[in-house]
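Engineer: Would you mind keeping the following structure in view while I ask a few things?
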Number of protein chains: 2
Amino acid sequence: MYHLIYWPGAPGRGEFIRLALEEAGAEYTDTAHEEGGVKTVLSLLDENFTGDTSGPPPFAPPILEHENLRISQTPNILLYLAPRLGLAPSGDALYHVHSLALTALDGLSNEAHDTHHPIATELYYEDQRDESQRRAESYRTHRLPKFLSYFERVLQPQATRGHPFLYGDTLTYADLVLFQALDGLKFAFPRALARLETSARYPHVFALYEAVKNRPRIARYLASERRQKYSQGLYRHYPELDDAE
Amino acid sequence: MYHLIYWPGAPGRGEFIRLALEEAGAEYTDTAHEEGGVKTVLSLLDENFTGDTSGPPPFAPPILEHENLRISQTPNILLYLAPRLGLAPSGDALYHVHSLALTALDGLSNEAHDTHHPIATELYYEDQRDESQRRAESYRTHRLPKFLSYFERVLQPQATRGHPFLYGDTLTYADLVLFQALDGLKFAFPRALARLETSARYPHVFALYEAVKNRPRIARYLASERRQKYSQGLYRHYPELDDAE
């Protein structure tokens with residue numbers, strides 16, 4: 001049994017972990033759906049908590065507890081889970097999959113967050129709206145196409161071999177990360193994503209999105225109560241940050 | 001023999017890899033010191049390069065080649081190297097070390113970069129100077145103390161046990177990452193770092209910095225021609241972004 005510790009209220013970074021657990025059909029608990037869940041998160045982030053036999057204190061959620069281990073940091077948790085859940089190849093190929101996941105997390109998750117908080121995470125969006133507009137424009141016109149081009153370049157030879165996924169012959173957690181990042185971006189920047197999708201420059205990227213979305217366990221999860229709605233989290237929709245109408 | 005592929009001209013993200021190789025006394029080549037090194041980097045980033053038997057194309061340097069493998073992404077390369085270089089514990093403890101390294105890279109490297117490029121990586125600093133000043137102020141007064149407090153909290157119980165490093169009884173690559181990040185920050189924000197060091201709120205963080213700096217192989221490396229000077233890279237010194245005099 002796995003235990004995910006993450007804020008309730010939006011999919012956030014916890015979602016990258018949830019999708020891995022859901023795709024594998026793993027049993028897990030999730031503080032986002034538990035009474036007192038916020039308190040559990042806060043207790044692990046308390047400035048007096050210096051860690052215990054489970055390891056050092058976490059800096060931030062998502063946090064995973066499994067058996068006697070407690071670990072944090074999204075890519076680190078995915079790295080731990082993937083071999084256990086059958087979502088990564090063994091041996092050196094794992095490093096290929098991991099680099100793809102890290103690139104998707106950097107460019108399509110962390111950078112997407114910074115479009116609405118380019119100046120200071122401790123300030124409200126409204127206190128950095130002008131800077132957000134500049135950053136979001138750069139993101140939509142430079143960074144996002146650059147990352148999509150990269151993943152298209154990775155996927156194109158895979159498609160030639162008859163595989164819709166980023167690496168090897170089967171789905172890996174890197175595919176789940178890319179799916180979730182695209183899904184969050186579609187919520188945050190619907191007009192920009194529609195433009196990029198209809199440009200037909202990234203056909204394999206958007207085909208991967210559909211292929212993951214339609215996997216039976218993922219489809220059931222997305223339709224369930226367990227899938228939270230986007231809100232004021234990692235991916236946010238501010239119309240003024242999207243393409244002009 | 002390891003091959004590091006990274007831009008010449010500044011330590012940059014390549015430095016996290018170099019310090020691991022240097023601390024272990026590993027043999028390696030480094031495009032930063034090779035004629036034609038830039039060309040080697042560019043050939044791997046070419047938009048027509050879709051990967052080969054060594055793996056998918058890298059998104060960005062640092063890139064490591066070793067035997068028949070080519071991998072990218074700083075934390076991924078460290079993860080690959082650490083067990084081979086004796087810089088990480090085996091088993092589940094590796095995930096503890098890795099989360100500490102990821103937190104240092106996020107908060108003290110990626111966020112430090114964003115202080116001089118808060119709006120757009122494709123623009124010059126001079127085109128985002130005002131936003132940089134706002135972001136750097138937030139960084140120096142909120143984020144940086146938050147990360148230093150976190151690492152102090154991790155190190156304090158370690159010190160009680162008589163160990164100056166972040167995890168367990170020996171140096172790991174997380175210590176090297178924290179050292180290098182602090183070194184870069186000292187270059188970028190000398191006044192802020194002096195203020196934080198003399199505040200005596202983070203004694204174990206700065207003691208770790210000295211402990212790593214004085215390790216024989218690290219000290220020899222830092223004094224060598226192989227250690228590049230800071231410049232217009234990841235860590236940049238703009239006096240207007242530092243504490244006021």
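Going by the structure tokens order, chains are called A, B, ..., each with residues numbered from 1, while ligands are numbered from 1 in the order shown.
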Report as a list in words all protein, DNA and RNA residues lying within 8 Å of range 174-182 of chain A, evaluated on only C-alpha atoms, omitting residues in the same chain fewer than 4 positions from it.

Structural biologist: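 Close residues of range 174-182 of chain A: Glu15, Phe16, Leu19, Ala20, Val97, His98, Leu100, Ala101, Ala104, Leu105, Leu108, Ser109, Phe165, Leu166, Lys186, Leu208, Tyr209, Val212 and Lys213 of chain A.
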
Engineer: Mind checking DSSP for range 174-242 of chain A and telling me the helix (DSSP H, G or I) residues as an MDAnalysis selection string?

Structural biologist: chainID A and resid 174:188 190:198 203:213 216:222 239:241

Engineer: Could you tell me how far CA of Tyr173 in chain B sits from CA of Ala88 in chain B, in Å to one decimal place?

Structural biologist: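 Taking CA of Ala88 in chain B as the start and CA of Tyr173 in chain B as the end point, the length is 6.6 Å.
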
Engineer: Residues near range 140-152 of chain B, anyone? I mean within 10 Å using only C-alpha atoms, not counting same-chain ones fewer than 4 positions away, as a count of residues only.

Structural biologist: 43

Engineer: Quick one: everything within 9 Å of Tyr80 in chain B, counting only C-alpha atoms, minus sequence neighbours fewer than 5 positions away in the same chain. Send it as a short mmCIF file (atom, residue, chain, number, x, y, z; two decimals) with N, CA and C atoms, in the first residue's frame.

Structural biologist:
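Final output, out-v4.cif:
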data_model
loop_
_atom_site.label_atom_id
_atom_site.label_comp_id
_atom_site.auth_asym_id
_atom_site.auth_seq_id
_atom_site.Cartn_x
_atom_site.Cartn_y
_atom_site.Cartn_z
N ASP A 92 20.25 0.33 -17.88
CA ASP A 92 20.60 1.70 -18.25
C ASP A 92 19.48 2.43 -18.98
N TYR A 95 17.68 5.41 -17.41
CA TYR A 95 18.20 6.79 -17.46
C TYR A 95 17.68 7.55 -18.68
N ILE B 71 23.52 10.11 -21.80
CA ILE B 71 22.37 10.58 -21.03
C ILE B 71 22.51 12.06 -20.72
N PRO B 75 20.39 15.98 -12.67
CA PRO B 75 20.16 14.99 -11.60
C PRO B 75 20.21 13.55 -12.10
#

Engineer: Would you please work out which residue, of B:Arg215, B:His96, B:Lys39, B:His163, is nearest to chain A when using only C-alpha atoms?

Structural biologist: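 Result for the nearest residue to chain A: B:His96.
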
Engineer: Can you measure CA of Arg18 in chain B to CA of Tyr2 in chain B for me? One decimal in Å is fine.

Structural biologist: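 Taking CA of Arg18 in chain B and CA of Tyr2 in chain B, their separation equals 10.4 Å.
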
Engineer: Run DSSP on the backbone and give me the residues of range 10-128 of chain A it puts in strand (DSSP E), as a PyMOL selection string.

Structural biologist: chain A and resi 28-30+63-66+69-72

Engineer: Could those selected residues go to a file with all heavy atoms, as a compact mmCIF listing (two decimals), in the first residue's frame?

Structural biologist:
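Once written, part.txt looks like this:
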# COMPACT_ATOMS: atom_id res chain seq x y z
N TYR A 28 -3.54 2.75 -3.09
CA TYR A 28 -2.88 3.87 -2.41
C TYR A 28 -3.90 4.73 -1.67
O TYR A 28 -5.08 4.76 -2.02
CB TYR A 28 -2.08 4.72 -3.41
CG TYR A 28 -2.89 5.53 -4.39
CD1 TYR A 28 -3.07 6.91 -4.20
CD2 TYR A 28 -3.47 4.96 -5.51
CE1 TYR A 28 -3.81 7.68 -5.12
CE2 TYR A 28 -4.20 5.71 -6.43
CZ TYR A 28 -4.36 7.06 -6.22
OH TYR A 28 -5.09 7.80 -7.13
N THR A 29 -3.39 5.41 -0.67
CA THR A 29 -4.19 6.43 0.00
C THR A 29 -3.68 7.79 -0.46
O THR A 29 -2.56 7.91 -0.99
CB THR A 29 -4.06 6.33 1.53
OG1 THR A 29 -2.70 6.64 1.90
CG2 THR A 29 -4.43 4.94 2.03
N ASP A 30 -4.49 8.82 -0.27
CA ASP A 30 -4.18 10.14 -0.82
C ASP A 30 -4.72 11.19 0.15
O ASP A 30 -5.94 11.29 0.34
CB ASP A 30 -4.86 10.24 -2.20
CG ASP A 30 -4.52 11.51 -2.95
OD1 ASP A 30 -4.02 12.47 -2.32
OD2 ASP A 30 -4.77 11.55 -4.17
N ILE A 63 4.87 13.90 -1.34
CA ILE A 63 5.64 13.01 -0.47
C ILE A 63 5.01 11.62 -0.62
O ILE A 63 3.78 11.51 -0.70
CB ILE A 63 5.53 13.49 1.00
CG1 ILE A 63 6.12 14.91 1.15
CG2 ILE A 63 6.22 12.50 1.95
CD1 ILE A 63 5.64 15.65 2.38
N LEU A 64 5.85 10.62 -0.66
CA LEU A 64 5.34 9.24 -0.74
C LEU A 64 5.83 8.46 0.46
O LEU A 64 7.00 8.51 0.81
CB LEU A 64 5.84 8.55 -2.02
CG LEU A 64 5.30 7.12 -2.19
CD1 LEU A 64 3.90 7.15 -2.80
CD2 LEU A 64 6.23 6.27 -3.06
N GLU A 65 4.89 7.75 1.08
CA GLU A 65 5.28 6.80 2.13
C GLU A 65 4.98 5.40 1.62
O GLU A 65 3.89 5.14 1.09
CB GLU A 65 4.52 7.08 3.43
CG GLU A 65 4.97 8.39 4.09
CD GLU A 65 4.27 8.69 5.40
OE1 GLU A 65 3.23 8.05 5.69
OE2 GLU A 65 4.74 9.58 6.12
N HIS A 66 5.95 4.53 1.81
CA HIS A 66 5.80 3.13 1.40
C HIS A 66 6.66 2.29 2.31
O HIS A 66 7.87 2.53 2.43
CB HIS A 66 6.23 2.95 -0.06
CG HIS A 66 6.02 1.55 -0.56
ND1 HIS A 66 6.98 0.85 -1.25
CD2 HIS A 66 4.94 0.72 -0.46
CE1 HIS A 66 6.52 -0.35 -1.55
NE2 HIS A 66 5.29 -0.46 -1.09
N LEU A 69 9.72 3.69 4.30
CA LEU A 69 10.39 4.78 3.59
C LEU A 69 9.46 5.97 3.42
O LEU A 69 8.27 5.80 3.15
CB LEU A 69 10.83 4.26 2.22
CG LEU A 69 11.82 5.07 1.42
CD1 LEU A 69 13.20 5.04 2.06
CD2 LEU A 69 11.90 4.52 -0.01
N ARG A 70 10.00 7.18 3.56
CA ARG A 70 9.26 8.39 3.21
C ARG A 70 10.17 9.23 2.32
O ARG A 70 11.26 9.60 2.74
CB ARG A 70 8.88 9.20 4.45
CG ARG A 70 8.09 10.46 4.09
CD ARG A 70 7.97 11.45 5.23
NE ARG A 70 7.41 10.85 6.40
CZ ARG A 70 8.06 10.71 7.57
NH1 ARG A 70 9.30 11.13 7.69
NH2 ARG A 70 7.46 10.14 8.58
N ILE A 71 9.72 9.50 1.09
CA ILE A 71 10.56 10.26 0.17
C ILE A 71 9.76 11.38 -0.47
O ILE A 71 8.53 11.34 -0.50
CB ILE A 71 11.19 9.37 -0.93
CG1 ILE A 71 10.12 8.61 -1.72
CG2 ILE A 71 12.20 8.40 -0.32
CD1 ILE A 71 10.67 7.85 -2.92
N SER A 72 10.48 12.37 -0.96
CA SER A 72 9.83 13.52 -1.60
C SER A 72 10.52 13.83 -2.92
O SER A 72 11.47 13.17 -3.30
CB SER A 72 9.85 14.73 -0.67
OG SER A 72 11.18 15.13 -0.41

Engineer: Show which residues sit within 10 Å of Arg226 in chain A, as a CSV table (one decimal) with all heavy atoms, in the first residue's frame. Count only C-alpha atoms, and ignore same-chain residues fewer than 2 positions away.

Structural biologist:
chain,number,residue,atom,x,y,z
A,11,PRO,N,-5.0,19.2,-9.0
A,11,PRO,CA,-4.2,18.0,-9.3
A,11,PRO,C,-2.7,18.3,-8.8
A,11,PRO,O,-2.1,17.4,-8.2
A,11,PRO,CB,-4.3,17.8,-10.8
A,11,PRO,CG,-5.6,18.5,-11.1
A,11,PRO,CD,-5.8,19.6,-10.2
A,18,ARG,N,0.0,10.3,-8.9
A,18,ARG,CA,-1.3,9.6,-9.0
A,18,ARG,C,-1.5,8.8,-10.3
A,18,ARG,O,-1.9,7.7,-10.3
A,18,ARG,CB,-2.5,10.6,-8.9
A,18,ARG,CG,-2.7,11.1,-7.5
A,18,ARG,CD,-3.9,12.0,-7.4
A,18,ARG,NE,-3.8,12.7,-6.2
A,18,ARG,CZ,-3.5,14.0,-6.1
A,18,ARG,NH1,-3.3,14.7,-7.2
A,18,ARG,NH2,-3.4,14.6,-4.9
A,30,ASP,N,-4.5,8.8,-0.3
A,30,ASP,CA,-4.2,10.1,-0.8
A,30,ASP,C,-4.7,11.2,0.1
A,30,ASP,O,-5.9,11.3,0.3
A,30,ASP,CB,-4.9,10.2,-2.2
A,30,ASP,CG,-4.5,11.5,-2.9
A,30,ASP,OD1,-4.0,12.5,-2.3
A,30,ASP,OD2,-4.8,11.5,-4.2
A,32,ALA,N,-5.2,14.1,-0.2
A,32,ALA,CA,-6.1,15.1,-0.9
A,32,ALA,C,-7.5,14.7,-0.7
A,32,ALA,O,-8.4,15.6,-0.9
A,32,ALA,CB,-5.7,15.2,-2.4
A,33,HIS,N,-7.8,13.5,-0.4
A,33,HIS,CA,-9.2,13.0,-0.2
A,33,HIS,C,-9.5,12.6,1.2
A,33,HIS,O,-10.5,12.0,1.5
A,33,HIS,CB,-9.4,11.8,-1.1
A,33,HIS,CG,-9.3,12.2,-2.6
A,33,HIS,ND1,-10.1,13.1,-3.2
A,33,HIS,CD2,-8.4,11.7,-3.5
A,33,HIS,CE1,-9.7,13.2,-4.5
A,33,HIS,NE2,-8.7,12.4,-4.7
A,220,ARG,N,-10.7,5.5,-16.8
A,220,ARG,CA,-11.6,5.3,-15.6
A,220,ARG,C,-11.2,6.3,-14.5
A,220,ARG,O,-12.1,6.9,-13.9
A,220,ARG,CB,-11.5,3.9,-15.1
A,220,ARG,CG,-12.4,2.9,-15.8
A,220,ARG,CD,-12.7,1.7,-15.0
A,220,ARG,NE,-11.5,0.9,-14.7
A,220,ARG,CZ,-10.8,0.1,-15.5
A,220,ARG,NH1,-11.3,-0.2,-16.7
A,220,ARG,NH2,-9.7,-0.5,-15.1
A,221,TYR,N,-9.9,6.5,-14.3
A,221,TYR,CA,-9.5,7.4,-13.3
A,221,TYR,C,-9.9,8.9,-13.6
A,221,TYR,O,-10.5,9.6,-12.7
A,221,TYR,CB,-8.0,7.4,-13.1
A,221,TYR,CG,-7.4,8.5,-12.3
A,221,TYR,CD1,-7.8,8.7,-11.0
A,221,TYR,CD2,-6.6,9.5,-12.9
A,221,TYR,CE1,-7.3,9.7,-10.2
A,221,TYR,CE2,-6.2,10.6,-12.2
A,221,TYR,CZ,-6.5,10.7,-10.8
A,221,TYR,OH,-6.1,11.8,-10.1
A,222,LEU,N,-9.7,9.3,-14.8
A,222,LEU,CA,-10.1,10.7,-15.2
A,222,LEU,C,-11.6,10.9,-15.0
A,222,LEU,O,-12.0,12.1,-14.8
A,222,LEU,CB,-9.6,11.0,-16.6
A,222,LEU,CG,-8.1,10.9,-16.9
A,222,LEU,CD1,-7.8,11.1,-18.4
A,222,LEU,CD2,-7.4,12.0,-16.1
A,223,ALA,N,-12.4,9.9,-15.2
A,223,ALA,CA,-13.8,10.1,-15.0
A,223,ALA,C,-14.3,9.9,-13.6
A,223,ALA,O,-15.5,10.1,-13.3
A,223,ALA,CB,-14.5,9.0,-15.9
A,224,SER,N,-13.4,9.6,-12.7
A,224,SER,CA,-13.8,9.3,-11.3
A,224,SER,C,-13.7,10.5,-10.4
A,224,SER,O,-13.2,11.6,-10.8
A,224,SER,CB,-12.8,8.2,-10.7
A,224,SER,OG,-11.6,8.8,-10.4
A,228,GLN,N,-9.1,15.3,-9.4
A,228,GLN,CA,-9.6,16.7,-8.9
A,228,GLN,C,-9.6,17.6,-10.1
A,228,GLN,O,-8.9,17.4,-11.1
A,228,GLN,CB,-8.6,17.2,-7.9
A,228,GLN,CG,-8.6,16.4,-6.6
A,228,GLN,CD,-7.5,16.7,-5.7
A,228,GLN,OE1,-7.6,17.7,-4.9
A,228,GLN,NE2,-6.4,16.0,-5.8
A,229,LYS,N,-10.4,18.7,-10.0
A,229,LYS,CA,-10.5,19.7,-11.0
A,229,LYS,C,-9.3,20.7,-10.9
A,229,LYS,O,-8.8,20.9,-9.8
A,229,LYS,CB,-11.8,20.5,-10.9
A,229,LYS,CG,-13.0,19.7,-11.2
A,229,LYS,CD,-14.2,20.6,-11.4
A,229,LYS,CE,-15.5,19.8,-11.7
A,229,LYS,NZ,-15.4,18.3,-12.0

Engineer: Contacts of Ser231 in chain A at 10 Å or less, counting only C-alpha atoms, minus same-chain residues fewer than 2 places along, as a VMD selection string?

Structural biologist: chain A and resid 9 to 12 187 to 188 228 to 229 233 to 237

Engineer: Please produce an output containing N, CA and C atoms for each residue in the selection, written as a PDB file, in the first residue's frame.

Structural biologist:
ATOM      1  N   GLY A   9      -7.293  20.127  -3.424  1.00  0.00           N
ATOM      2  CA  GLY A   9      -7.765  21.352  -4.082  1.00  0.00           C
ATOM      3  C   GLY A   9      -7.437  21.478  -5.546  1.00  0.00           C
ATOM      4  N   ALA A  10      -6.442  20.755  -6.019  1.00  0.00           N
ATOM      5  CA  ALA A  10      -6.075  20.793  -7.442  1.00  0.00           C
ATOM      6  C   ALA A  10      -5.147  19.613  -7.711  1.00  0.00           C
ATOM      7  N   PRO A  11      -5.039  19.167  -8.966  1.00  0.00           N
ATOM      8  CA  PRO A  11      -4.164  18.017  -9.253  1.00  0.00           C
ATOM      9  C   PRO A  11      -2.703  18.278  -8.845  1.00  0.00           C
ATOM     10  N   GLY A  12      -2.181  19.434  -9.267  1.00  0.00           N
ATOM     11  CA  GLY A  12      -0.836  19.841  -8.853  1.00  0.00           C
ATOM     12  C   GLY A  12       0.236  18.832  -9.223  1.00  0.00           C
ATOM     13  N   PHE A 187      -5.595  23.161 -20.019  1.00  0.00           N
ATOM     14  CA  PHE A 187      -6.454  23.918 -19.110  1.00  0.00           C
ATOM     15  C   PHE A 187      -5.959  25.363 -18.983  1.00  0.00           C
ATOM     16  N   ALA A 188      -4.656  25.532 -18.833  1.00  0.00           N
ATOM     17  CA  ALA A 188      -4.110  26.873 -18.565  1.00  0.00           C
ATOM     18  C   ALA A 188      -4.169  27.772 -19.797  1.00  0.00           C
ATOM     19  N   GLN A 228      -9.147  15.335  -9.365  1.00  0.00           N
ATOM     20  CA  GLN A 228      -9.573  16.668  -8.943  1.00  0.00           C
ATOM     21  C   GLN A 228      -9.603  17.627 -10.125  1.00  0.00           C
ATOM     22  N   LYS A 229     -10.403  18.676  -9.976  1.00  0.00           N
ATOM     23  CA  LYS A 229     -10.480  19.696 -11.019  1.00  0.00           C
ATOM     24  C   LYS A 229      -9.293  20.663 -10.903  1.00  0.00           C
ATOM     25  N   GLY A 233      -3.769  26.162  -8.795  1.00  0.00           N
ATOM     26  CA  GLY A 233      -2.606  25.351  -8.444  1.00  0.00           C
ATOM     27  C   GLY A 233      -1.461  25.572  -9.401  1.00  0.00           C
ATOM     28  N   LEU A 234      -0.828  24.468  -9.744  1.00  0.00           N
ATOM     29  CA  LEU A 234       0.307  24.496 -10.668  1.00  0.00           C
ATOM     30  C   LEU A 234      -0.126  25.038 -12.033  1.00  0.00           C
ATOM     31  N   TYR A 235      -1.219  24.525 -12.546  1.00  0.00           N
ATOM     32  CA  TYR A 235      -1.762  24.986 -13.826  1.00  0.00           C
ATOM     33  C   TYR A 235      -2.970  25.864 -13.550  1.00  0.00           C
ATOM     34  N   ARG A 236      -2.910  27.111 -13.991  1.00  0.00           N
ATOM     35  CA  ARG A 236      -4.001  28.045 -13.738  1.00  0.00           C
ATOM     36  C   ARG A 236      -4.444  28.681 -15.046  1.00  0.00           C
ATOM     37  N   HIS A 237      -5.721  28.928 -15.134  1.00  0.00           N
ATOM     38  CA  HIS A 237      -6.234  29.566 -16.343  1.00  0.00           C
ATOM     39  C   HIS A 237      -6.549  31.040 -16.087  1.00  0.00           C
TER      40      HIS A 237
END
